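Here is run25.pdb, consisting of PDB, C-alpha atoms:
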```pdb
ATOM      1  CA  MET F   1      12.810  18.410  16.841
ATOM      2  CA  GLU F   2      15.321  19.936  14.471
ATOM      3  CA  ASP F   3      18.087  18.538  16.651
ATOM      4  CA  LEU F   4      17.032  14.922  16.030
ATOM      5  CA  ASP F   5      19.748  13.032  14.191
ATOM      6  CA  PRO F   6      18.530  12.093  10.654
ATOM      7  CA  GLU F   7      20.076   8.644  11.188
ATOM      8  CA  VAL F   8      17.561   8.010  13.994
ATOM      9  CA  VAL F   9      14.692   8.893  11.647
ATOM     10  CA  LEU F  10      16.114   6.642   8.922
ATOM     11  CA  ALA F  11      16.502   3.792  11.426
ATOM     12  CA  MET F  12      12.869   4.216  12.466
ATOM     13  CA  ALA F  13      11.736   4.040   8.829
ATOM     14  CA  ALA F  14      13.920   1.012   8.149
ATOM     15  CA  GLN F  15      12.593  -0.931  11.148
ATOM     16  CA  ALA F  16       8.929   0.158  11.102
ATOM     17  CA  PRO F  17       6.474  -2.763  11.077
ATOM     18  CA  ASP F  18       4.367  -1.046   8.414
ATOM     19  CA  GLY F  19       5.687  -1.033   4.885
ATOM     20  CA  ILE F  20       7.387   2.167   3.806
ATOM     21  CA  VAL F  21       7.942   2.378   0.072
ATOM     22  CA  ILE F  22       9.289   5.241  -2.008
ATOM     23  CA  VAL F  23       9.191   5.285  -5.810
ATOM     24  CA  ASP F  24      10.661   7.814  -8.217
ATOM     25  CA  ARG F  25       8.714   9.714 -10.866
ATOM     26  CA  GLU F  26       8.974   6.732 -13.246
ATOM     27  CA  GLY F  27       7.415   4.431 -10.647
ATOM     28  CA  LEU F  28      10.683   2.619  -9.909
ATOM     29  CA  ILE F  29      11.197   1.453  -6.345
ATOM     30  CA  ARG F  30      13.912   3.440  -4.552
ATOM     31  CA  TYR F  31      13.197   2.542  -0.903
ATOM     32  CA  TRP F  32      11.670  -0.609   0.600
ATOM     33  CA  ASN F  33      11.827  -1.152   4.352
ATOM     34  CA  ARG F  34      11.622  -4.295   6.511
ATOM     35  CA  GLY F  35       7.867  -3.871   6.884
ATOM     36  CA  ALA F  36       7.466  -3.974   3.088
ATOM     37  CA  GLU F  37       9.689  -7.070   2.998
ATOM     38  CA  ARG F  38       7.432  -8.770   5.564
ATOM     39  CA  ILE F  39       4.175  -7.741   3.872
ATOM     40  CA  PHE F  40       5.084  -8.532   0.274
ATOM     41  CA  GLY F  41       7.765 -11.207   0.654
ATOM     42  CA  TYR F  42      10.353  -9.447  -1.518
ATOM     43  CA  SER F  43      13.659  -8.288  -0.092
ATOM     44  CA  ALA F  44      14.751  -4.707  -0.701
ATOM     45  CA  ALA F  45      17.485  -6.056  -3.002
ATOM     46  CA  ASP F  46      14.860  -7.993  -5.019
ATOM     47  CA  VAL F  47      12.828  -4.863  -5.787
ATOM     48  CA  ALA F  48      15.431  -2.081  -5.955
ATOM     49  CA  GLY F  49      14.975  -0.217  -9.237
ATOM     50  CA  ARG F  50      12.029  -2.388 -10.312
ATOM     51  CA  ASP F  51       8.643  -1.071 -11.353
ATOM     52  CA  LEU F  52       5.985  -0.876  -8.643
ATOM     53  CA  ASP F  53       3.815  -3.083 -10.889
ATOM     54  CA  ILE F  54       5.499  -6.022  -9.151
ATOM     55  CA  ILE F  55       2.889  -5.657  -6.362
ATOM     56  CA  ILE F  56      -0.055  -4.352  -8.426
ATOM     57  CA  PRO F  57      -2.550  -6.918  -9.781
ATOM     58  CA  ASP F  58      -2.795  -6.926 -13.584
ATOM     59  CA  LYS F  59      -6.370  -5.646 -13.703
ATOM     60  CA  HIS F  60      -5.435  -2.562 -11.640
ATOM     61  CA  ARG F  61      -2.191  -1.598 -13.394
ATOM     62  CA  LYS F  62      -3.645   0.740 -16.041
ATOM     63  CA  ARG F  63      -5.726   2.650 -13.513
ATOM     64  CA  HIS F  64      -2.729   2.956 -11.200
ATOM     65  CA  ALA F  65      -0.438   4.071 -14.046
ATOM     66  CA  ASP F  66      -2.932   6.714 -15.202
ATOM     67  CA  GLY F  67      -3.369   8.101 -11.674
ATOM     68  CA  PHE F  68       0.356   8.024 -10.997
ATOM     69  CA  ARG F  69       1.161   9.829 -14.250
ATOM     70  CA  THR F  70      -1.467  12.498 -13.532
ATOM     71  CA  ALA F  71      -0.088  13.086 -10.021
ATOM     72  CA  MET F  72       3.453  13.423 -11.372
ATOM     73  CA  GLU F  73       2.328  15.889 -14.074
ATOM     74  CA  ARG F  74       0.314  18.010 -11.625
ATOM     75  CA  GLY F  75       2.784  17.725  -8.794
ATOM     76  CA  ALA F  76      -0.125  16.891  -6.515
ATOM     77  CA  THR F  77      -2.211  13.908  -5.561
ATOM     78  CA  ARG F  78      -5.978  13.956  -5.254
ATOM     79  CA  TYR F  79      -5.671  12.141  -1.935
ATOM     80  CA  GLY F  80      -5.372  14.246   1.183
ATOM     81  CA  GLU F  81      -3.440  13.760   4.368
ATOM     82  CA  ALA F  82      -6.313  11.952   6.050
ATOM     83  CA  ASP F  83      -7.151   9.643   3.121
ATOM     84  CA  LEU F  84      -6.455   5.975   3.686
ATOM     85  CA  LEU F  85      -6.657   3.957   0.479
ATOM     86  CA  THR F  86      -7.608   0.272   0.413
ATOM     87  CA  VAL F  87      -6.563  -1.808  -2.591
ATOM     88  CA  PRO F  88      -5.587  -5.345  -3.516
ATOM     89  CA  ALA F  89      -1.876  -6.101  -3.912
ATOM     90  CA  LEU F  90       0.295  -9.060  -4.855
ATOM     91  CA  ALA F  91       2.759 -10.882  -2.644
ATOM     92  CA  ALA F  92       5.909 -12.563  -3.976
ATOM     93  CA  ASP F  93       4.273 -15.991  -3.596
ATOM     94  CA  GLY F  94       1.314 -14.943  -5.782
ATOM     95  CA  ARG F  95      -1.187 -14.413  -2.964
ATOM     96  CA  THR F  96      -3.559 -11.478  -3.231
ATOM     97  CA  LEU F  97      -3.351  -9.179  -0.231
ATOM     98  CA  SER F  98      -5.613  -6.415   0.955
ATOM     99  CA  ILE F  99      -3.567  -3.348   1.885
ATOM    100  CA  GLU F 100      -4.333   0.074   3.288
ATOM    101  CA  PHE F 101      -1.954   2.925   2.661
ATOM    102  CA  SER F 102      -1.473   6.658   2.769
ATOM    103  CA  VAL F 103       0.478   8.419   0.058
ATOM    104  CA  VAL F 104       2.556  11.606  -0.079
ATOM    105  CA  LEU F 105       4.446  13.399  -2.809
ATOM    106  CA  LEU F 106       8.058  14.123  -1.925
ATOM    107  CA  THR F 107      10.758  16.285  -3.464
ATOM    108  CA  GLY F 108      14.370  15.240  -3.155
ATOM    109  CA  SER F 109      17.275  17.607  -2.568
ATOM    110  CA  ASP F 110      17.942  17.387  -6.319
ATOM    111  CA  GLY F 111      14.376  18.565  -7.035
ATOM    112  CA  GLY F 112      13.319  15.131  -8.259
ATOM    113  CA  ALA F 113       9.772  13.974  -7.536
ATOM    114  CA  HIS F 114       9.088  10.850  -5.493
ATOM    115  CA  VAL F 115       6.003   9.212  -4.055
ATOM    116  CA  GLY F 116       6.056   7.733  -0.574
ATOM    117  CA  ALA F 117       3.556   5.300   0.868
ATOM    118  CA  VAL F 118       3.031   3.849   4.331
ATOM    119  CA  ILE F 119       1.394   0.450   3.889
ATOM    120  CA  ARG F 120      -0.388  -1.957   6.217
ATOM    121  CA  ASP F 121      -1.493  -5.506   5.406
ATOM    122  CA  VAL F 122      -5.171  -5.783   6.372
ATOM    123  CA  THR F 123      -5.864  -9.123   4.668
ATOM    124  CA  ALA F 124      -6.746 -10.976   7.888
ATOM    125  CA  ARG F 125      -8.939  -8.150   9.186
ATOM    126  CA  ARG F 126     -10.837  -7.922   5.892
ATOM    127  CA  ALA F 127     -11.408 -11.705   5.921
ATOM    128  CA  ARG F 128     -12.851 -11.462   9.461
ATOM    129  CA  GLU F 129     -15.123  -8.595   8.378
ATOM    130  CA  ARG F 130     -16.399 -10.589   5.385
ATOM    131  CA  GLU F 131     -17.040 -13.604   7.613
ATOM    132  CA  MET F 132     -19.020 -11.483  10.088
ATOM    133  CA  MET F 133     -21.091 -10.027   7.251
ATOM    134  CA  ARG F 134     -21.745 -13.525   5.879
ATOM    135  CA  ARG F 135     -22.896 -14.740   9.311
ATOM    136  CA  ARG F 136     -25.183 -11.723   9.729
ATOM    137  CA  ALA F 137     -26.692 -12.324   6.306
ATOM    138  CA  GLU F 138     -27.263 -15.998   7.144
ATOM    139  CA  ALA F 139     -28.864 -15.060  10.466
ATOM    140  CA  ALA F 140     -31.146 -12.525   8.757
ATOM    141  CA  THR F 141     -32.122 -15.107   6.127
ATOM    142  CA  SER F 142     -32.911 -17.751   8.756
ATOM    143  CA  GLU F 143     -35.022 -15.221  10.716
ATOM    144  CA  HIS F 144     -37.123 -14.531   7.618
ATOM    145  CA  THR F 145     -37.636 -18.212   6.874
ATOM    146  CA  THR F 146     -38.801 -18.964  10.444
ATOM    147  CA  VAL F 147     -41.286 -16.092  10.633
TER     148      VAL F 147
END
```

Rendering of file as structure tokens:
Amino acid sequence: MEDLDPEVVLAMAAQAPDGIVIVDREGLIRYWNRGAERIFGYSAADVAGRDLDIIIPDKHRKRHADGFRTAMERGATRYGEADLLTVPALAADGRTLSIEFSVVLLTGSDGGAHVGAVIRDVTARRAREREMMRRRAEAATSEHTTV
């Protein structure tokens, strides 16, 4: 695979349907693909160099900042390769989304630290799951009242 042209890999990342986001050690957005544009509603030009807080709900910002800072200081994240994180996020139009993502620490050719994330919007799936749970709870309640 060493003979694969890096431009092909970059084109794959750019066109991937999932969001691919890379931030630098200060949490500033350095890469934002088409999938991230679709999920969050911001163009890459809109977010370039901006703080990742643009997609993090207010009540989660401190926790995120603390965890991010710790990972940058340690040079490691507490999340493993198989961990898939689920969190709320904000879209450009103010909607709250439910996203799942994996995260990796990256080192640039200049030795600078970056964090990469592959993100999927699971808002619709989570809504369906909540609706199924609500229906099951209603069914269980009606069974108990008819017994």

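Taken over the shown file, the PyMOL selection byres ((chain F and resi 45-50) around 7) identifies Leu28, Ile29, Arg30, Tyr42, Ser43, Ala44, Asp51 and Leu52 of chain F.
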
### Message
Residues near Ala124 of chain F, anyone? I mean within 12 Å using all atoms listed in the file, not counting same-chain ones fewer than 5 positions away, as a PyMOL selection string.
### Response
chain F and resi 96-99+129-131

### Query
Closest to Ala76 of chain F among F:Ile56, F:Ile39, F:Ala113, F:Ile119, using only C-alpha atoms?
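Looking at the shortest contact to Ala76 of chain F, the residue is F:Ala113.
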
## Note on the structure
Restricting to only C-alpha atoms, whichever of F:Ala92, F:Met133, F:Ala13, F:Val103 is closest to Glu37 of chain F is F:Ala92

### Summary
For Pro88 of chain F, the closest of F:Asp5, F:Asp110, F:Glu26, F:Asp121 counting all atoms listed in the file is F:Asp121

#### Entry: Point-to-point distance in Å for atom CA of Val115 of chain F and atom CA of Met72 of chain F
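Taking atom CA of Met72 of chain F as the start and atom CA of Val115 of chain F as the end point, the length is 8.8 Å.
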
### Summary
Between F:Leu4, F:Val104, F:Ile55, F:Met12, smallest distance to Arg78 of chain F by only C-alpha atoms belongs to F:Val104

As JSON, please: the centre and edge lengths in Å, to one decimal, of an axis-aligned box enclosing every listed atom of segment 39-56 of chain F with 5 Å added on each side.
```
{"center_x": 8.7, "center_y": -5.7, "center_z": -3.7, "size_x": 27.5, "size_y": 21.0, "size_z": 25.2}
```

### Query
What separation in Å, quoted to one decimal, exists between atom CA of Val21 of chain F and atom CA of Arg128 of chain F?
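According to the coordinates, atom CA of Val21 of chain F and atom CA of Arg128 of chain F are separated by 26.7 Å.
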
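Minimum distance to Leu90 of chain F across F:Glu143, F:Glu2, F:Asp66, F:Asp58 (counting all atoms listed in the file) occurs at F:Asp58.
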
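Take atom CA of Asp93 of chain F and atom CA of Arg38 of chain F: the distance between them is 12.1 Å.
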
### Task
Evaluate the PyMOL selection byres ((chain F and resi 34) around 7) here and jot the selected residues down as a ChimeraX atom specification.
/F:14-16,19,32-33,35-38

### Task
Using the chain letters and numbers from the file, give me the residues hit by the PyMOL selection byres ((chain F and resi 84) around 9), as a PyMOL selection string.
chain F and resi 79-83+85-86+100-103

Grab the residues selected above and save them as a tab-separated table (two decimals), in the frame of the given file with C-alpha atoms.
```tsv
chain	number	residue	atom	x	y	z
F	79	TYR	CA	-5.67	12.14	-1.94
F	80	GLY	CA	-5.37	14.25	1.18
F	81	GLU	CA	-3.44	13.76	4.37
F	82	ALA	CA	-6.31	11.95	6.05
F	83	ASP	CA	-7.15	9.64	3.12
F	85	LEU	CA	-6.66	3.96	0.48
F	86	THR	CA	-7.61	0.27	0.41
F	100	GLU	CA	-4.33	0.07	3.29
F	101	PHE	CA	-1.95	2.92	2.66
F	102	SER	CA	-1.47	6.66	2.77
F	103	VAL	CA	0.48	8.42	0.06
```

### Task
Excluding Leu105 of chain F and any residue of its chain fewer than 4 positions from it, enumerate the residues within 10 Å of it, using all atoms listed in the file, and give them as a ChimeraX atom specification.
/F:22-25,71-72,75-77,113-117

## Note on the structure
Across F:Gly112, F:Asp3, F:Arg63, F:Thr123, the smallest distance to Phe40 of chain F, with all atoms listed in the file counted, is shown by F:Thr123

Complete segment 101-112 of chain F with all heavy atoms (output as a PDB file, in the coordinates of the input).
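Below is the file selection_4.pdb, written as the result:
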```pdb
ATOM      1  N   PHE F 101      -3.141   2.085   2.680  1.00  0.00           N
ATOM      2  CA  PHE F 101      -1.954   2.925   2.661  1.00  0.00           C
ATOM      3  C   PHE F 101      -2.316   4.388   2.533  1.00  0.00           C
ATOM      4  O   PHE F 101      -3.382   4.749   2.051  1.00  0.00           O
ATOM      5  CB  PHE F 101      -0.991   2.512   1.544  1.00  0.00           C
ATOM      6  CG  PHE F 101      -1.490   2.770   0.150  1.00  0.00           C
ATOM      7  CD1 PHE F 101      -1.059   3.876  -0.565  1.00  0.00           C
ATOM      8  CD2 PHE F 101      -2.373   1.904  -0.456  1.00  0.00           C
ATOM      9  CE1 PHE F 101      -1.510   4.124  -1.861  1.00  0.00           C
ATOM     10  CE2 PHE F 101      -2.836   2.130  -1.736  1.00  0.00           C
ATOM     11  CZ  PHE F 101      -2.399   3.243  -2.446  1.00  0.00           C
ATOM     12  N   SER F 102      -1.399   5.218   2.993  1.00  0.00           N
ATOM     13  CA  SER F 102      -1.473   6.658   2.769  1.00  0.00           C
ATOM     14  C   SER F 102      -0.339   6.987   1.817  1.00  0.00           C
ATOM     15  O   SER F 102       0.656   6.259   1.733  1.00  0.00           O
ATOM     16  CB  SER F 102      -1.331   7.423   4.089  1.00  0.00           C
ATOM     17  OG  SER F 102      -0.150   7.057   4.748  1.00  0.00           O
ATOM     18  N   VAL F 103      -0.503   8.065   1.073  1.00  0.00           N
ATOM     19  CA  VAL F 103       0.478   8.419   0.058  1.00  0.00           C
ATOM     20  C   VAL F 103       0.826   9.899   0.156  1.00  0.00           C
ATOM     21  O   VAL F 103      -0.031  10.723   0.485  1.00  0.00           O
ATOM     22  CB  VAL F 103      -0.041   8.054  -1.358  1.00  0.00           C
ATOM     23  CG1 VAL F 103      -1.294   8.819  -1.710  1.00  0.00           C
ATOM     24  CG2 VAL F 103       1.024   8.230  -2.407  1.00  0.00           C
ATOM     25  N   VAL F 104       2.105  10.216  -0.076  1.00  0.00           N
ATOM     26  CA  VAL F 104       2.556  11.606  -0.079  1.00  0.00           C
ATOM     27  C   VAL F 104       3.508  11.817  -1.250  1.00  0.00           C
ATOM     28  O   VAL F 104       4.233  10.897  -1.646  1.00  0.00           O
ATOM     29  CB  VAL F 104       3.274  12.000   1.236  1.00  0.00           C
ATOM     30  CG1 VAL F 104       2.317  11.990   2.408  1.00  0.00           C
ATOM     31  CG2 VAL F 104       4.460  11.110   1.516  1.00  0.00           C
ATOM     32  N   LEU F 105       3.477  13.018  -1.793  1.00  0.00           N
ATOM     33  CA  LEU F 105       4.446  13.399  -2.809  1.00  0.00           C
ATOM     34  C   LEU F 105       5.640  14.026  -2.112  1.00  0.00           C
ATOM     35  O   LEU F 105       5.485  14.824  -1.189  1.00  0.00           O
ATOM     36  CB  LEU F 105       3.839  14.387  -3.805  1.00  0.00           C
ATOM     37  CG  LEU F 105       2.725  13.838  -4.682  1.00  0.00           C
ATOM     38  CD1 LEU F 105       2.243  14.906  -5.667  1.00  0.00           C
ATOM     39  CD2 LEU F 105       3.151  12.606  -5.440  1.00  0.00           C
ATOM     40  N   LEU F 106       6.820  13.669  -2.549  1.00  0.00           N
ATOM     41  CA  LEU F 106       8.058  14.123  -1.925  1.00  0.00           C
ATOM     42  C   LEU F 106       8.960  14.756  -2.982  1.00  0.00           C
ATOM     43  O   LEU F 106       8.923  14.363  -4.143  1.00  0.00           O
ATOM     44  CB  LEU F 106       8.796  12.934  -1.300  1.00  0.00           C
ATOM     45  CG  LEU F 106       7.998  12.074  -0.324  1.00  0.00           C
ATOM     46  CD1 LEU F 106       8.711  10.757  -0.075  1.00  0.00           C
ATOM     47  CD2 LEU F 106       7.775  12.835   0.965  1.00  0.00           C
ATOM     48  N   THR F 107       9.769  15.692  -2.569  1.00  0.00           N
ATOM     49  CA  THR F 107      10.758  16.285  -3.464  1.00  0.00           C
ATOM     50  C   THR F 107      12.131  16.081  -2.849  1.00  0.00           C
ATOM     51  O   THR F 107      12.360  16.454  -1.697  1.00  0.00           O
ATOM     52  CB  THR F 107      10.488  17.799  -3.662  1.00  0.00           C
ATOM     53  OG1 THR F 107       9.152  17.970  -4.142  1.00  0.00           O
ATOM     54  CG2 THR F 107      11.465  18.384  -4.671  1.00  0.00           C
ATOM     55  N   GLY F 108      13.011  15.478  -3.627  1.00  0.00           N
ATOM     56  CA  GLY F 108      14.370  15.240  -3.155  1.00  0.00           C
ATOM     57  C   GLY F 108      15.205  16.503  -3.184  1.00  0.00           C
ATOM     58  O   GLY F 108      14.801  17.526  -3.753  1.00  0.00           O
ATOM     59  N   SER F 109      16.387  16.447  -2.592  1.00  0.00           N
ATOM     60  CA  SER F 109      17.275  17.607  -2.568  1.00  0.00           C
ATOM     61  C   SER F 109      17.689  18.019  -3.981  1.00  0.00           C
ATOM     62  O   SER F 109      18.033  19.172  -4.218  1.00  0.00           O
ATOM     63  CB  SER F 109      18.510  17.323  -1.721  1.00  0.00           C
ATOM     64  OG  SER F 109      19.199  16.191  -2.229  1.00  0.00           O
ATOM     65  N   ASP F 110      17.613  17.080  -4.921  1.00  0.00           N
ATOM     66  CA  ASP F 110      17.942  17.387  -6.319  1.00  0.00           C
ATOM     67  C   ASP F 110      16.732  17.918  -7.089  1.00  0.00           C
ATOM     68  O   ASP F 110      16.812  18.155  -8.286  1.00  0.00           O
ATOM     69  CB  ASP F 110      18.486  16.143  -7.015  1.00  0.00           C
ATOM     70  CG  ASP F 110      17.463  15.009  -7.079  1.00  0.00           C
ATOM     71  OD1 ASP F 110      16.347  15.138  -6.509  1.00  0.00           O
ATOM     72  OD2 ASP F 110      17.774  13.975  -7.704  1.00  0.00           O
ATOM     73  N   GLY F 111      15.597  18.078  -6.395  1.00  0.00           N
ATOM     74  CA  GLY F 111      14.376  18.565  -7.035  1.00  0.00           C
ATOM     75  C   GLY F 111      13.555  17.473  -7.680  1.00  0.00           C
ATOM     76  O   GLY F 111      12.469  17.726  -8.198  1.00  0.00           O
ATOM     77  N   GLY F 112      14.043  16.251  -7.655  1.00  0.00           N
ATOM     78  CA  GLY F 112      13.319  15.131  -8.259  1.00  0.00           C
ATOM     79  C   GLY F 112      12.092  14.741  -7.456  1.00  0.00           C
ATOM     80  O   GLY F 112      12.098  14.786  -6.230  1.00  0.00           O
TER      81      GLY F 112
END
```
